[in-house]
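Trainee: Can you keep this structure in mind? I'll have questions shortly.
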Amino acid sequence: MTEALTYRRRLDLLRETKRAQTHAKLQKNGYMDEDDYGTVLPPDDFHWEPTPTHANGSWYGAEGWARNFRSLMEVHPTYVDPLDVLAGRWMIFMNRERPVCWPPDLDYAHLVPDQERYGIEPGIGADAHFTGDYLIGLELGWGGLLQKVRHYRQVHAGDAAKAALLDAEEQTVLGVQTWIRHTVEAIRGAEAAETHADLRQNLHETAEANAWLIDHPPHTLREACQWIAWFNMASRTYNRDGAGGQLDEILRPYYERDVADGRIDDEDAVFIIACLLLNDPHYYQLGGPGPDGADLTSHVSFLILEAAHRVGTSCNLTIRVHDGLDEQLFMTSVRHLFEDRKGWPRYSGDKGLVEGFMRNGYSAELARQRIATGCHWMAIPGREYTLNDCVKINVAKVFEVALREMMDDASAAPSVQNLWRRFENHLRRAVRCTAKGIDWHLDHQRFNEPELLLNLLCHGPIETGLDAADGGVEYYNICCDGAALATVADSFAALDQRIEREAVLAWDDIAAHLRSNWAGAGGERVRRMMRASQRYGHGRSLGDDWAGRVSRLYTRLVKERPTPGGRNLIPGWFSWSRTIEMGREVGATPNGRGAAEPISHGANPDPGFRADGAPTAMAKAIAAIQPGYGNTAPMQLELDPGLSKDEGGIEKVAALIKSHFRLGGTLFNINVIDAEKVLEAHRDPAKYPDLIVRVTGFTAYFAALSPEFRQLVVDRIIAE
Amino acid sequence: MQGIITDIQRFSVHDGPGIRTTVFLKGCNLRCAWCHNPETLHPGPELQVLPDKCIDCKACLEACPQGAHEVTGGRRVFHRDRCTACGACAAVCYSGALVLVGRRMTADEVMAEVLEDRVFYETSGGGVTVSGGEPLSQREFARGILDRAKQEHLHTAVDTNLASPWQDVAALLPVTDLFLVDVKMTDSARHTRWTGAPNALVLENARRLSREGVPMVVRTPVVPGVNDTVEQIGAVADFIRAFPNLEYYELLPYHPLGTGKYRSLGMDYAMEGLTPPGPDTMQALAAAAGERGIAVRVAGAATVEKA
């Protein structure tokens, strides 16, 4: 007898497939301290040989990228699951196939000494990390995009550089169409072989939808989701682009039309959207204000939450919290946090983001359109180039340079004031070096890696023939994040307290302990003493004062002037998953941290910042250090699931989130996680293959994280 | 006015509505055998010793003016009988192995900490809860904190065992928005056996409080072998069912998390090894109470609605 396949059953089976795929990735590729991305492994016999444009084996420039993308699309494996309403999975990180990711002849050796000295991740050569506008593609379809590219190719025929970019864009679109066409053939083959009547019908409809989408714009919800999935997969393949958009508002017209025409009901819609979320954990925003401030929540917002609930995998949905937000959507989402325990949704704070972005000289209307589409970041879809999450200064490294310089300078007595002055000088120098690096990137990135996919969904690059990194879009607001706020703030506080206020320690002593990594006589006691100093996050502490000073200084220096090339910088505090690597570069620090241990996480206080670990104290502290120019300094919070069992527990968490945003907070990531379970999963990850945690801006399968990284997550949950 | 506290806990979510800050006053007039906050019993400061955290730096040996810390035969020994709880050793113990429990603070200092979370009270309908120990064991200080809280227009709650003279309870009425009242059992002889004091005062104060119109939540810690029967919980429910100001009746399952604290304070724990009541027991007791027509909650579990 043929099994009845309800949507629920189909999702169960799809989830099982996903689990097996995750396991296979882990077996083949090892741990990944990053997003799941929705990739699957290519078949064992898959082979693609890129064509280098440089003797070093890499390819650069529009023509090189287009040729290789097109050639990959020609051979890219197809993926069809009869249970899924959407076809395709992506498999190849094309931008990781290059042995050298920046053209050697565009050498920036003049910047390297300071970059290394201050632990700067300069973002030179970084790709994606801004946001396309899906509406452009949904309106035109691949065929329409092709026509648009060819039209502007004619317009710019006299400009060789522009013509070359548009030629490359043409190859890119043709490549995607080829991938879809091959997939349609594969679906037709699967359809012929399928014995289950319902699945055969599903395959038939999937083939029809995809055949249509090769040239035409979507007109149903299913087609719209499939179109988005194709763009996501192609853009991921090209350069790991994970930016999404205001998904509820994007899908609403298709849903409403389908329902009005009697094509689907809510159950169908939820399943279709669930398949989109399963396809790839892109970053989507739900709710929040439209340009005029009116809330965008619709019935589709709820359907998306329900779809995420049912799909039960890793998702990156953000609810934009503003005064007019639909309360039911907000409370439903908080309940999902506790019931699903998969780290979604997270929350962004409209007040802090809009007021902040306006300080750059923009209108409230524009600021509201700058939405959550990335790990910790906001961007205006299709209109802004940001380099979000690509540029970081390891402020702990800057601090270390300042401290060593002071201790080595026999001409002046060491003091906190002396150290602060040197810290400011070095931090300014680090910011200036970073700004020059950003200019270098923007001036040359088109020769390295033009944004051939995202350009298609931007307002400007096709029309002007200019790459998004090269003036093709309207706004350039470049992310410049600091990392290690708590490490540095607590270090200043510990020196201030123990040496200058209490006089229980001398500068030479602490310098010796740092040099020996606390190994000498009494080292451990002094380390504990420093660690027990007044910490950032405690509230009304020296650590809080210093965190405020450090963040204000950092903000002032980043905003002191634009880059030499005139680009606007926006400060934030974020470390992404780089805390381990950045920590390796820094010796012992006066906050009691050991040499090469991880630096502090994002804008968070270090674990153990308060005996009661009060989230309210953390929420206040992080709200107080916001740089305030529209980028984020996120709060990452781990909560015990037991909280929801008490009467009113969920409402208290909801109030915590709203309060953080009232205080000026910008982004709130929450894990609802059972401490015992996570400890057990740390000991034996295979026991919990489905355990999903929000690592930082992104969620990940706990079992897929490296042991070192899992330890960091455990440490956040079980403070010392 | 100064008092002595053991802790100020922010994001307190179990002691009244909304997000609260709970101020734990030190000193208690009862000696409940199951108490999970033994550090709040004694009215004065005392030293908590956590040997597992010791890094053997020996700073305490030099710091202690009484010679309470010694190394004898290669082993660390703490002579609690010599300790005056001056805190000198704890001040130099950065590993957290020696902790002085009991901080002297003024009501203004307490309020400065409490006000840190004002925005969270406003958003959640929360406020400040004065708990203990028994807050009425420092009645002037408790009143001082509540006075200051009302000046700041905060919602106030008092968590009390009511085993104090009525005038002490009544003195808090003008500044208290919610009373969280412990009624552990109705049988006075058993009450004496398990808490060290009869319950006549508790029950009488509860009755009087029920006529005052201030909202009241009655809570019972459910302790296996002490009061975990349908009869005993039913008797408490019968006692409170007619209270017009009763918001709800809450059953708090016993938990053993205080066990380690007894050891660290050099105290014996009569209930060591006791297993917490299971969810089935709690639900059965809640149902029994609910049959009396009152709203019942079980801490950490779903609500049993009014029958």
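By convention in this document, the chains of the structure tokens carry letters A, B, ... by their order, each chain's residues are numbered from 1, and ligands are numbered from 1 in the order they are shown.
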Run DSSP on the backbone and give me the residues of range 112-186 of chain A it puts in helix (DSSP H, G or I), as a compact mmCIF listing (two decimals) with N, CA and C atoms, in the first residue's frame.
Mentor:
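What follows is the written file out-v4.txt:
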```
# COMPACT_ATOMS: atom_id res chain seq x y z
N VAL A 112 50.46 46.07 5.62
CA VAL A 112 50.55 44.82 6.37
C VAL A 112 51.19 44.97 7.76
N PRO A 113 52.27 45.75 7.90
CA PRO A 113 52.87 45.83 9.24
C PRO A 113 51.88 46.25 10.33
N ASP A 114 51.10 47.30 10.07
CA ASP A 114 50.14 47.72 11.10
C ASP A 114 48.97 46.75 11.21
N GLN A 115 48.60 46.15 10.09
CA GLN A 115 47.52 45.16 10.17
C GLN A 115 47.92 44.01 11.09
N GLU A 116 49.15 43.59 10.97
CA GLU A 116 49.61 42.48 11.82
C GLU A 116 49.82 42.94 13.24
N ARG A 117 50.37 44.13 13.36
CA ARG A 117 50.66 44.64 14.69
C ARG A 117 49.39 44.76 15.53
N TYR A 134 15.67 41.26 -3.61
CA TYR A 134 15.01 40.16 -4.33
C TYR A 134 13.95 40.68 -5.31
N LEU A 135 13.33 41.82 -4.96
CA LEU A 135 12.20 42.29 -5.77
C LEU A 135 12.62 42.53 -7.22
N ILE A 136 13.86 42.93 -7.40
CA ILE A 136 14.34 43.15 -8.78
C ILE A 136 14.25 41.85 -9.57
N GLY A 137 14.76 40.79 -8.99
CA GLY A 137 14.78 39.50 -9.68
C GLY A 137 13.40 38.89 -9.80
N LEU A 138 12.60 39.04 -8.74
CA LEU A 138 11.25 38.46 -8.77
C LEU A 138 10.40 39.15 -9.83
N GLU A 139 10.68 40.40 -10.08
CA GLU A 139 9.91 41.14 -11.09
C GLU A 139 10.34 40.76 -12.50
N LEU A 140 11.65 40.59 -12.67
CA LEU A 140 12.18 40.37 -14.03
C LEU A 140 12.35 38.89 -14.39
N GLY A 141 12.61 38.07 -13.40
CA GLY A 141 12.98 36.69 -13.71
C GLY A 141 14.35 36.65 -14.37
N TRP A 142 14.88 35.41 -14.56
CA TRP A 142 16.23 35.31 -15.15
C TRP A 142 16.23 35.84 -16.58
N GLY A 143 15.14 35.60 -17.29
CA GLY A 143 15.06 36.09 -18.66
C GLY A 143 15.07 37.61 -18.71
N GLY A 144 14.32 38.22 -17.81
CA GLY A 144 14.27 39.69 -17.76
C GLY A 144 15.61 40.28 -17.34
N LEU A 145 16.28 39.59 -16.41
CA LEU A 145 17.60 40.07 -16.00
C LEU A 145 18.57 40.01 -17.18
N LEU A 146 18.44 38.92 -17.95
CA LEU A 146 19.31 38.77 -19.12
C LEU A 146 19.08 39.91 -20.12
N GLN A 147 17.82 40.20 -20.35
CA GLN A 147 17.50 41.31 -21.28
C GLN A 147 18.05 42.64 -20.78
N LYS A 148 17.89 42.84 -19.46
CA LYS A 148 18.37 44.09 -18.87
C LYS A 148 19.90 44.20 -19.04
N VAL A 149 20.59 43.11 -18.75
CA VAL A 149 22.05 43.11 -18.89
C VAL A 149 22.42 43.41 -20.34
N ARG A 150 21.74 42.76 -21.30
CA ARG A 150 22.08 42.95 -22.71
C ARG A 150 21.77 44.37 -23.17
N HIS A 151 20.68 44.91 -22.62
CA HIS A 151 20.34 46.30 -22.97
C HIS A 151 21.46 47.25 -22.55
N TYR A 152 21.89 47.11 -21.28
CA TYR A 152 22.91 48.04 -20.80
C TYR A 152 24.30 47.73 -21.40
N ARG A 153 24.46 46.49 -21.85
CA ARG A 153 25.70 46.16 -22.57
C ARG A 153 25.79 47.01 -23.83
N GLN A 154 24.64 47.19 -24.48
CA GLN A 154 24.59 48.05 -25.68
C GLN A 154 24.86 49.50 -25.32
N VAL A 155 24.21 49.93 -24.23
CA VAL A 155 24.36 51.33 -23.79
C VAL A 155 25.83 51.66 -23.52
N ALA A 160 35.08 49.94 -22.40
CA ALA A 160 35.56 48.55 -22.36
C ALA A 160 35.36 47.90 -21.00
N ALA A 161 35.65 48.66 -19.94
CA ALA A 161 35.55 48.07 -18.60
C ALA A 161 34.10 47.73 -18.28
N LYS A 162 33.19 48.65 -18.61
CA LYS A 162 31.77 48.42 -18.33
C LYS A 162 31.24 47.27 -19.18
N ALA A 163 31.66 47.27 -20.42
CA ALA A 163 31.22 46.20 -21.32
C ALA A 163 31.70 44.85 -20.81
N ALA A 164 32.91 44.83 -20.30
CA ALA A 164 33.46 43.57 -19.79
C ALA A 164 32.67 43.07 -18.59
N LEU A 165 32.31 44.00 -17.70
CA LEU A 165 31.51 43.60 -16.54
C LEU A 165 30.16 43.07 -16.98
N LEU A 166 29.53 43.75 -17.94
CA LEU A 166 28.19 43.34 -18.37
C LEU A 166 28.26 42.04 -19.19
N ASP A 167 29.34 41.84 -19.90
CA ASP A 167 29.53 40.53 -20.56
C ASP A 167 29.57 39.42 -19.50
N ALA A 168 30.29 39.73 -18.44
CA ALA A 168 30.41 38.74 -17.36
C ALA A 168 29.04 38.49 -16.71
N GLU A 169 28.28 39.56 -16.55
CA GLU A 169 26.93 39.40 -15.98
C GLU A 169 26.07 38.51 -16.88
N GLU A 170 26.22 38.71 -18.17
CA GLU A 170 25.44 37.90 -19.11
C GLU A 170 25.79 36.41 -18.94
N GLN A 171 27.08 36.12 -18.87
CA GLN A 171 27.51 34.73 -18.68
C GLN A 171 26.98 34.16 -17.36
N THR A 172 26.92 35.02 -16.38
CA THR A 172 26.44 34.59 -15.06
C THR A 172 24.98 34.16 -15.15
N VAL A 173 24.17 34.99 -15.77
CA VAL A 173 22.73 34.66 -15.89
C VAL A 173 22.58 33.39 -16.73
N LEU A 174 23.31 33.33 -17.80
CA LEU A 174 23.22 32.13 -18.65
C LEU A 174 23.62 30.88 -17.87
N GLY A 175 24.61 31.03 -17.02
CA GLY A 175 25.04 29.91 -16.20
C GLY A 175 23.94 29.42 -15.28
N VAL A 176 23.28 30.37 -14.59
CA VAL A 176 22.19 29.98 -13.68
C VAL A 176 21.08 29.31 -14.47
N GLN A 177 20.75 29.87 -15.62
CA GLN A 177 19.69 29.26 -16.43
C GLN A 177 20.05 27.82 -16.83
N THR A 178 21.34 27.62 -17.10
CA THR A 178 21.78 26.26 -17.45
C THR A 178 21.56 25.30 -16.28
N TRP A 179 21.92 25.77 -15.09
CA TRP A 179 21.76 24.94 -13.89
C TRP A 179 20.27 24.58 -13.71
N ILE A 180 19.41 25.56 -13.90
CA ILE A 180 17.97 25.29 -13.74
C ILE A 180 17.51 24.31 -14.83
N ARG A 181 17.99 24.56 -16.05
CA ARG A 181 17.56 23.70 -17.16
C ARG A 181 17.98 22.24 -16.90
N HIS A 182 19.19 22.04 -16.46
CA HIS A 182 19.65 20.68 -16.13
C HIS A 182 18.80 20.07 -15.03
N THR A 183 18.44 20.92 -14.09
CA THR A 183 17.63 20.42 -12.97
C THR A 183 16.24 20.00 -13.45
N VAL A 184 15.68 20.79 -14.36
CA VAL A 184 14.37 20.41 -14.93
C VAL A 184 14.46 19.03 -15.58
N GLU A 185 15.53 18.80 -16.30
CA GLU A 185 15.69 17.48 -16.94
C GLU A 185 15.75 16.38 -15.87
N ALA A 186 16.48 16.68 -14.81
CA ALA A 186 16.60 15.68 -13.73
C ALA A 186 15.24 15.44 -13.06
```
Trainee: Could you list, with a cut-off of 8 Å and counting only C-alpha atoms, the residues of range 470-505 of chain A near range 523-546 of chain A, each shown with its nearest atom pair and the distance in Å rounded to one decimal, rows sorted by chain and ascending number, as CSV?
Mentor:
```
residue,atom,partner,partner_atom,distance
A:Ala486,CA,A:Tyr536,CA,6.3
A:Ala489,CA,A:Trp546,CA,5.0
A:Asp490,CA,A:Gly543,CA,5.2
A:Ser491,CA,A:Met530,CA,8.0
A:Phe492,CA,A:Trp546,CA,6.6
A:Ala493,CA,A:Gly543,CA,5.1
A:Ala494,CA,A:Ser533,CA,5.3
A:Leu495,CA,A:Met530,CA,7.7
A:Gln497,CA,A:Ser533,CA,6.9
A:Arg498,CA,A:Met530,CA,7.4
```
Trainee: Those residues with C-alpha atoms, as a JSON list (two decimals), in the first residue's frame please?
Mentor:
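Everything below was put into out_21.json:
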```json
[["chain", "number", "residue", "atom", "x", "y", "z"],
["A", 486, "ALA", "CA", 35.26, 42.97, 27.61],
["A", 489, "ALA", "CA", 37.61, 46.97, 29.56],
["A", 490, "ASP", "CA", 38.22, 44.39, 32.28],
["A", 491, "SER", "CA", 41.96, 44.75, 31.80],
["A", 492, "PHE", "CA", 41.84, 48.50, 32.31],
["A", 493, "ALA", "CA", 39.51, 48.05, 35.28],
["A", 494, "ALA", "CA", 41.74, 45.44, 36.93],
["A", 495, "LEU", "CA", 44.84, 47.65, 36.59],
["A", 497, "GLN", "CA", 41.54, 48.83, 40.82],
["A", 498, "ARG", "CA", 44.45, 46.69, 41.96]]
```
Trainee: Counting only C-alpha atoms, give me one row per residue of chain B with an atom at most 8 Å from an atom of chain A, showing the shortest contact pair and its distance in Å to one decimal, sorted by chain then residue number, as a Markdown table.
Mentor:
```
| residue | atom | partner | partner_atom | distance |
| --- | --- | --- | --- | --- |
| B:Gln9 | CA | A:Asp612 | CA | 6.4 |
| B:Arg10 | CA | A:Ala614 | CA | 5.6 |
| B:Phe11 | CA | A:Ala614 | CA | 5.5 |
| B:Val13 | CA | A:Gly649 | CA | 7.4 |
| B:His14 | CA | A:Asp646 | CA | 7.9 |
| B:Pro17 | CA | A:Gly648 | CA | 7.8 |
| B:Gly18 | CA | A:Lys652 | CA | 5.9 |
| B:Ile19 | CA | A:Lys652 | CA | 6.0 |
| B:Ile55 | CA | A:Arg525 | CA | 7.5 |
| B:Cys57 | CA | A:Arg525 | CA | 6.5 |
| B:Tyr94 | CA | A:Met529 | CA | 4.9 |
| B:Ser95 | CA | A:Arg528 | CA | 5.7 |
| B:Glu116 | CA | A:Gly539 | CA | 7.7 |
| B:Asp117 | CA | A:Thr616 | CA | 6.7 |
| B:Val119 | CA | A:Ser659 | CA | 6.2 |
| B:Phe120 | CA | A:Ser659 | CA | 5.7 |
| B:Thr123 | CA | A:Ala655 | CA | 5.4 |
| B:Ser124 | CA | A:Ala655 | CA | 5.1 |
| B:Arg297 | CA | A:Glu647 | CA | 7.8 |
| B:Val298 | CA | A:Asp646 | CA | 8.0 |
| B:Ala299 | CA | A:Asp646 | CA | 5.9 |
| B:Gly300 | CA | A:Asp646 | CA | 4.8 |
| B:Ala301 | CA | A:Lys645 | CA | 5.1 |
| B:Ala302 | CA | A:Lys645 | CA | 6.3 |
| B:Thr303 | CA | A:Glu647 | CA | 6.9 |
```
Trainee: Among range 431-487 of chain A, which residues carry a DSSP assignment of strand (DSSP E), reported as a list in words?
Mentor: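 Residues of range 431-487 of chain A classed as strand (DSSP E): Tyr475, Tyr476, Asn477, Ile478, Cys479, Cys480, Asp481, Gly482 and Ala483 of chain A.
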Trainee: Could you check how far CA of Pro590 in chain A sits from CA of Leu514 in chain A, in Å to one decimal?
Mentor: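 The value is 7.2 Å.
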Trainee: Need the shell around Gln283 in chain B: protein/DNA/RNA residues with any atom at most 12 Å away, counting only C-alpha atoms. Skip same-chain ones fewer than 3 positions apart. Format as a PyMOL selection string?
Mentor: chain B and resi 222+228-230+233+250-253+277-280+286-290+296-305
Trainee: Write out, as a CSV table (one decimal), in the first residue's frame, the residues just selected, with C-alpha atoms.
Mentor:
```
chain,number,residue,atom,x,y,z
B,222,VAL,CA,6.3,20.9,49.5
B,228,ASP,CA,3.6,16.4,50.9
B,229,THR,CA,0.2,14.8,51.4
B,230,VAL,CA,-3.2,15.7,50.0
B,233,ILE,CA,-1.9,20.7,51.5
B,250,GLU,CA,1.7,28.5,45.0
B,251,LEU,CA,3.3,25.1,45.7
B,252,LEU,CA,7.1,25.2,45.7
B,253,PRO,CA,8.7,21.8,45.3
B,277,PRO,CA,8.8,15.6,45.0
B,278,GLY,CA,8.0,14.4,41.5
B,279,PRO,CA,5.8,16.2,39.0
B,280,ASP,CA,3.0,13.7,39.6
B,286,ALA,CA,-2.2,21.1,43.2
B,287,ALA,CA,-5.4,19.4,42.1
B,288,ALA,CA,-6.3,18.8,45.7
B,289,ALA,CA,-5.8,22.4,46.5
B,290,GLY,CA,-7.6,23.5,43.3
B,296,VAL,CA,-3.1,27.2,42.3
B,297,ARG,CA,0.3,27.3,40.7
B,298,VAL,CA,3.2,25.0,40.9
B,299,ALA,CA,6.5,26.7,40.6
B,300,GLY,CA,8.2,25.4,37.4
B,301,ALA,CA,5.1,23.8,36.0
B,302,ALA,CA,1.9,24.5,34.2
B,303,THR,CA,-0.9,26.4,35.9
B,304,VAL,CA,-3.8,24.5,37.5
B,305,GLU,CA,-6.8,26.7,36.9
```
